[in-house]
Amino acid sequence: MLAKGPAKKVTIYLNEDIKHYLTPLYEALLTFLAHKDVSGATVTRAVAGFGAHRTIHTPKVEALAEHLPVKIEFIESAERVDELLPTLYEMVTDGLIEVQDTTVIKAVNKDKPAPEGPGYLRRTISAASIIDPGCLAE
């Protein structure tokens with residue numbers, strides 16, 4: 001859990017159709033962050049936008065409807081961000097990674113047990129294969 005005080009906010013901008021192996025990159029990034037015990041992360045899908053190529057992406061143009069921008073954000077300590085950045089840098093092959101100084105004013109997490117059961121296990125196995133397809137090889 002994040003402590004009150006100085007922290008770093010990481011924002012990653014990319015298009016939703018960018019892949020990491022066969023998985024959407026934003027899903028692979030979320031899975032990576034979850035496996036690294038990041039406090040939390042959010043993916044936001046834009047209504048429209050453009051990037052370095054100067055092509056406006058909007059759902060009004062059918063060919064560009066699945067090429068909409070997404071933004072992934074998370075907040076962690078400076079030390080944790082420094083640990084995560086090399087892998088994030090490697091995974092993001094088309095997009096932008098931004099890091100900002102921020103201050104955590106309050107971070108509260110009601111005590112909840114970790115999810116259990118077949119659905120959770122299935123997601124964990126699936127997630128592990130996204131990060132390293134060979135990690136489940138026997």
# chains A, B, ... in the order shown; residues from 1 in each chain; ligands from 1
call {"tool": "select_by_dssp", "arguments": {"residues": "segment 12-118 of chain A", "states": "strand (DSSP E or B)", "output": "PDB file with C-alpha atoms, in the first residue's frame"}}
result
ATOM      1  CA  ILE A  12       1.348   5.594 -20.490  1.00  0.00           C
ATOM      2  CA  TYR A  13      -0.355   6.734 -23.690  1.00  0.00           C
ATOM      3  CA  LEU A  14      -0.943   4.271 -26.525  1.00  0.00           C
ATOM      4  CA  ASN A  15      -3.588   3.059 -28.949  1.00  0.00           C
ATOM      5  CA  LYS A  19      -0.397  -5.763 -29.286  1.00  0.00           C
ATOM      6  CA  HIS A  20       2.122  -7.380 -26.962  1.00  0.00           C
ATOM      7  CA  THR A  23      -2.697  -9.608 -26.268  1.00  0.00           C
ATOM      8  CA  PRO A  24      -3.666  -5.936 -26.324  1.00  0.00           C
ATOM      9  CA  ALA A  41      -3.695   1.013 -12.097  1.00  0.00           C
ATOM     10  CA  THR A  42      -6.427   2.409 -14.325  1.00  0.00           C
ATOM     11  CA  VAL A  43      -6.953   2.237 -18.086  1.00  0.00           C
ATOM     12  CA  THR A  44      -9.006   5.048 -19.597  1.00  0.00           C
ATOM     13  CA  ARG A  45     -10.269   4.892 -23.187  1.00  0.00           C
ATOM     14  CA  GLY A  49      -7.448  11.881 -30.013  1.00  0.00           C
ATOM     15  CA  HIS A  57      -8.750   8.785 -34.199  1.00  0.00           C
ATOM     16  CA  PRO A  69      -6.116   6.216 -27.602  1.00  0.00           C
ATOM     17  CA  VAL A  70      -5.930   4.676 -24.140  1.00  0.00           C
ATOM     18  CA  LYS A  71      -4.190   5.981 -21.058  1.00  0.00           C
ATOM     19  CA  ILE A  72      -2.823   3.783 -18.263  1.00  0.00           C
ATOM     20  CA  GLU A  73      -2.054   5.476 -14.950  1.00  0.00           C
ATOM     21  CA  PHE A  74      -0.614   4.316 -11.665  1.00  0.00           C
ATOM     22  CA  ILE A  75       1.019   5.875  -8.615  1.00  0.00           C
ATOM     23  CA  GLU A  76       3.882   4.302  -6.703  1.00  0.00           C
ATOM     24  CA  LEU A  96       4.570   7.557 -24.708  1.00  0.00           C
ATOM     25  CA  ILE A  97       5.549   7.047 -21.066  1.00  0.00           C
ATOM     26  CA  GLU A  98       5.374  10.041 -18.730  1.00  0.00           C
ATOM     27  CA  VAL A  99       6.479  10.232 -15.087  1.00  0.00           C
ATOM     28  CA  GLN A 100       5.454  13.071 -12.776  1.00  0.00           C
ATOM     29  CA  ASP A 101       6.184  13.910  -9.167  1.00  0.00           C
ATOM     30  CA  THR A 102       3.061  13.779  -7.019  1.00  0.00           C
ATOM     31  CA  THR A 103       2.049  13.642  -3.374  1.00  0.00           C
ATOM     32  CA  VAL A 104      -0.142  10.983  -1.812  1.00  0.00           C
TER      33      VAL A 104
END
call {"tool": "atom_distance", "arguments": {"atom1": "atom CA of Ile105 of chain A", "atom2": "atom CA of Ala78 of chain A"}}
result
15.6 Å
call {"tool": "closest_residue", "arguments": {"among": "A:Leu68, A:Val108, A:Leu2, A:Leu84", "to": "Leu29 of chain A", "atoms": "only C-alpha atoms"}}
result
A:Leu84
call {"tool": "closest_residue", "arguments": {"among": "A:Thr93, A:Thr55, A:Ser39, A:Thr31", "to": "Ala3 of chain A", "atoms": "only C-alpha atoms"}}
result
A:Ser39
call {"tool": "atom_distance", "arguments": {"atom1": "atom CA of Met1 of chain A", "atom2": "atom CA of Asn109 of chain A"}}
result
7.7 Å
call {"tool": "closest_residue", "arguments": {"among": "A:Lys4, A:Ile18, A:Thr11, A:Ala34", "to": "Met91 of chain A", "atoms": "only C-alpha atoms"}}
result
A:Ile18
call {"tool": "atom_distance", "arguments": {"atom1": "atom CA of Ser77 of chain A", "atom2": "atom CA of Lys8 of chain A"}}
result
5.8 Å
call {"tool": "closest_residue", "arguments": {"among": "A:Val47, A:Val10, A:Val92, A:Ile56", "to": "Tyr26 of chain A", "atoms": "only C-alpha atoms"}}
result
A:Val92
